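Reviewing the structure listed below.
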Amino acid sequence: MAHASWGVVVRSLSSGEVLYERNPDKLMVPASNMKIVTLATAARVIGWDTRFTTTIETAAPIEGDTLRGDLYVRGGGDPTINTRNGRGAAVFADWAAALQAAGIRRIDGRIIGDDNLFDDEGLGAGWAWDYLEADYAAPVGALQYNEDVAAMTVLPGRAPGEPAIISLAAGSGLSLDNKALTAAAGTAETIQFRRRLDAPVLEVMGTVPVPPAEPLPANEGVRMAVRNVAVVNPTAYFVQSLKDALVARGIAVSGDAVDIDDLPASASATAGASMHVLARAESQPLRDIGAVMMKVSQNLYAETLFKAAGLRAKGAGTAQAGRTAVLETLRDWKLDERALVMLDGSGLSRYDYVSGNLIAAILERLHADPQHRDAFTATLAIAGKDGTVTNRMKRTRAEGNARVKTGSISNMRALSGYVNTRDGEPVVFAILANDFTLPAATINWITDLAVEIVANFTRQ
């Protein structure tokens with residue numbers, strides 16, 4: 001570890017005694033440990049029971065079975081209209097049923113997405129250019145469907161050497177540059193892809209094998225590769241997906257699916273007081289959204305909460321307003337705001353820095369407050385049981401004991417949270433490692449071992 005940097009704090013929650021520290025005030029790149037800061041701020045500013053609302057509205061009349069005008073979707077920032085528990089399909093099905101209950105079988109107009117609650121800066125400052133196509137770096141918006149990722153399917157051609165057959169979900173905003181080939185049966189699938197910097201073009205490379213000559217077991221089917229790709233415009237993707245869902249449920253739509261920002265100002269102005277709501281959808285409360293965000297380290301959820309906190313605190317759904325909400329939270333809790341440099345909500349930015357002392361102090365503040373303690377602790381991954389640490393710290397005293405948030409980007413790992421000692425004494429810890437060249441698995445082993453040592457500690 002001679003070339004690496006560590007920031008470590010271990011303190012008793014009972015007495016405040018420092019059990020161990022190393023560079024506690026050094027600014028470290030936190031990766032997804034930044035989500036601790038984001039969720040703490042969101043909990044304080046908007047509250048654990050807050051839900052995000054999305055509505056479908058219109059100012060057009062209904063004549064016979066036809067809506068004579070545009071249908072608007074007004075986004076409230078809900079990040080949960082996605083495939084988790086089938087909620088995205090359920091919301092679209094409910095909306096189609098509401099339109100049909102209103103007598104609508106045809107929309108003689110467009111599906112327009114109103115995303116103006118948040119700004120249009122979908123990507124965080126300091127996100128690397130080679131994140132562009134990645135599902136973990138999908139752009140955030142006030143309208144979000146399927147976590148703003150589109151499924152790309154790659155099938156083999158008829159024979160080795162032929163181009164692969166690629167399909168990409170509608171509304172992604174990406175065109176395909178297909179360089180992928182069909183390979184012989186029995187060879188490895190090697191599909192890779194990248195987003196060009198100069199255009200919304202997805203280059204697909206590698207090979208996908210043809211099926212073997214002998215019959216396949218019934219549950220295997222045709223060999224194919226499936227990848228999730230970040231979309232270009234979340235709003236365009238949402239409204240196109242909604243349009244497709246309505247058409248599939250028997251509601252014809254004559255117009256296009258469009259982002260309100262692509263319309264003339266006069267058209268945007270019609271989305272005002274004359275609107276009436278046809279249907280709405282409410283997300284789960286923040287406590288449930290926070291659990292997904294923290295346990296599986298979902299970046300889109302974090303960026304949403306970052307802007308939502310800014311909207312509630314400062315009236316602007318922007319990263320800058322989110323940062324202001326965070327700093328106001330630190331001041332309110334009398335914590336050191338100089339120990340934080342925060343450019344995004346997820347920790348994906350290489351411009352983010354935080355000290356181990358501040359992470360530990362935020363965790364201590366949440367633990368000490370009955371308003372936050374149980375709700376926040378429930379969002380953390382449980383060692384050896386779920387989330388990003390399902391397979392870590394197993395068969396140790398930390399398994400089922402430590403509640404943690406991980407952090408992971410290139411040459412950076414973090415592990416922070418709570419653990420009880422052998423005596424049942426509650427301990428808070430923050431462990432951040434930067435600038436290492438060892439395998440990341442080795443760093444994880446070291447951090448896990450540190451938590452196991454604390455779990456084994458006894459004052460007897």
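As shown in the structure tokens, the chain order sets the letters A, B, ...; within each chain, residues go from 1, and ligands are also counted from 1 in the order they appear.
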Report as a short mmCIF file (atom, residue, chain, number, x, y, z; two decimals) with N, CA and C atoms, in the first residue's frame all protein, DNA and RNA residues lying within 10 Å of Gly424 in chain A, evaluated on only C-alpha atoms, omitting residues in the same chain fewer than 2 positions from it.
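File written: part_10.cif
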```cif
data_model
loop_
_atom_site.label_atom_id
_atom_site.label_comp_id
_atom_site.auth_asym_id
_atom_site.auth_seq_id
_atom_site.Cartn_x
_atom_site.Cartn_y
_atom_site.Cartn_z
N VAL A 419 -21.15 -0.82 12.85
CA VAL A 419 -20.98 -2.22 13.24
C VAL A 419 -20.96 -2.28 14.76
N ASN A 420 -21.46 -3.36 15.32
CA ASN A 420 -21.40 -3.57 16.76
C ASN A 420 -20.21 -4.46 17.10
N THR A 421 -19.51 -4.12 18.19
CA THR A 421 -18.39 -4.93 18.64
C THR A 421 -18.90 -6.22 19.29
N ARG A 422 -17.96 -7.05 19.73
CA ARG A 422 -18.34 -8.30 20.40
C ARG A 422 -19.14 -8.02 21.67
N PRO A 426 -21.91 -0.04 19.81
CA PRO A 426 -22.06 0.44 18.43
C PRO A 426 -20.88 1.34 18.03
N VAL A 427 -20.39 1.11 16.82
CA VAL A 427 -19.23 1.84 16.32
C VAL A 427 -19.55 2.39 14.93
N ALA A 455 -15.60 -5.63 14.61
CA ALA A 455 -16.67 -6.51 15.06
C ALA A 455 -16.18 -7.49 16.12
N PHE A 457 -13.77 -6.74 18.29
CA PHE A 457 -13.19 -5.99 19.41
C PHE A 457 -14.02 -6.18 20.69
N THR A 458 -13.34 -6.34 21.78
CA THR A 458 -14.01 -6.42 23.08
C THR A 458 -13.19 -5.65 24.11
#
```
Contacts of range 175-192 of chain A within 12 Å, only C-alpha atoms, excl. fewer than 3 positions in-chain, as a PyMOL selection string
chain A and resi 133-134+152-172+195-196+199-214+216+222-229+231-232
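Residues of range 81-115 of chain A that DSSP, applied to the backbone, places in helix (DSSP H, G or I): A:Arg84, A:Asn85, A:Gly86, A:Arg87, A:Gly88, A:Ala89, A:Ala90, A:Val91, A:Phe92, A:Ala93, A:Asp94, A:Trp95, A:Ala96, A:Ala97, A:Ala98, A:Leu99, A:Gln100, A:Ala101.
The list of residues with at least one atom within 9 Å of Ala102 in chain A, based on only C-alpha atoms and without residues fewer than 4 positions apart in the same chain, reads Ile62, Asp65, Ala97, Ala98 and Leu278 of chain A.
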Dump C-alpha atoms for the selected residues as a tab-separated table (two decimals), in the first residue's frame?
```
chain	number	residue	atom	x	y	z
A	62	ILE	CA	-62.56	14.82	-26.04
A	65	ASP	CA	-63.52	8.52	-28.60
A	97	ALA	CA	-56.80	2.31	-18.45
A	98	ALA	CA	-57.47	5.85	-17.18
A	278	LEU	CA	-56.28	12.68	-16.59
```
DSSP strand (DSSP E or B) residues within range 131-227 of chain A, as a PyMOL selection string:
chain A and resi 149-155+163+165-168+175-178+181-183+192-195+201-205+207-209+225-227
Find the residue from A:Pro79, A:Gly69, A:Pro370, A:Gly124 that sits nearest to Ser346 in chain A; use only C-alpha atoms when measuring.
A:Gly124
Gap from CA of Asn146 in chain A to CA of Val29 in chain A - Å, one decimal
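Result for CA of Asn146 in chain A versus CA of Val29 in chain A: 28.8 Å, one decimal.
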Select from range 183-297 of chain A every residue with an atom at most 10 Å from any atom of range 304-313 of chain A, then for each give the shortest pair of atoms and their distance in Å to one decimal, using only C-alpha atoms, rows by chain and rising number, as a tab-separated table.
```
residue	atom	partner	partner_atom	distance
A:Leu286	CA	A:Leu305	CA	8.9
A:Ile289	CA	A:Leu305	CA	9.3
A:Gly290	CA	A:Leu305	CA	8.9
A:Met293	CA	A:Leu305	CA	9.8
```
Can you pull out every residue within 12 Å of range 254-258 of chain A, counting only C-alpha atoms, but drop anything in the same chain fewer than 6 positions away, and send it as a PyMOL selection string?
chain A and resi 66-73+105-115+170-171+173+233-247+264+267-268
Have a look at A:Ile56, A:Ala265, A:Ile251, A:Leu300 and name the one nearest to Leu348 in chain A; count only C-alpha atoms.
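Under the stated criterion, the closest residue is A:Leu300.
CA of Ala378 in chain A lies 28.7 Å from CA of Lys26 in chain A.
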Closest to Leu438 in chain A among A:Arg84, A:Arg397, A:Arg413, A:Arg459, using only C-alpha atoms?
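Residue with the minimum atom-to-atom distance to Leu438 in chain A: A:Arg413.
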For range 96-191 of chain A versus range 317-330 of chain A, which residues have an atom no more than 10 Å away, and what is each residue's nearest atom pair and distance in Å rounded to one decimal, using only C-alpha atoms, chain-then-number order, as CSV?
```
residue,atom,partner,partner_atom,distance
A:Asn116,CA,A:Gly317,CA,8.7
A:Leu117,CA,A:Gly317,CA,6.1
A:Phe118,CA,A:Gly317,CA,4.2
A:Asp119,CA,A:Thr318,CA,5.8
A:Asp120,CA,A:Thr318,CA,8.7
A:Glu121,CA,A:Thr318,CA,7.9
A:Gly122,CA,A:Thr318,CA,9.7
A:Leu123,CA,A:Ala319,CA,9.9
A:Gly124,CA,A:Ala319,CA,8.0
A:Ala125,CA,A:Ala319,CA,9.0
A:Gly141,CA,A:Gly317,CA,9.4
A:Ala142,CA,A:Gly317,CA,8.7
```
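Compared by their closest atoms to Asp332 in chain A, and using only C-alpha atoms, the residues A:Asn434, A:Gln460, A:Thr41, A:Asn401 rank with A:Thr41 nearest.
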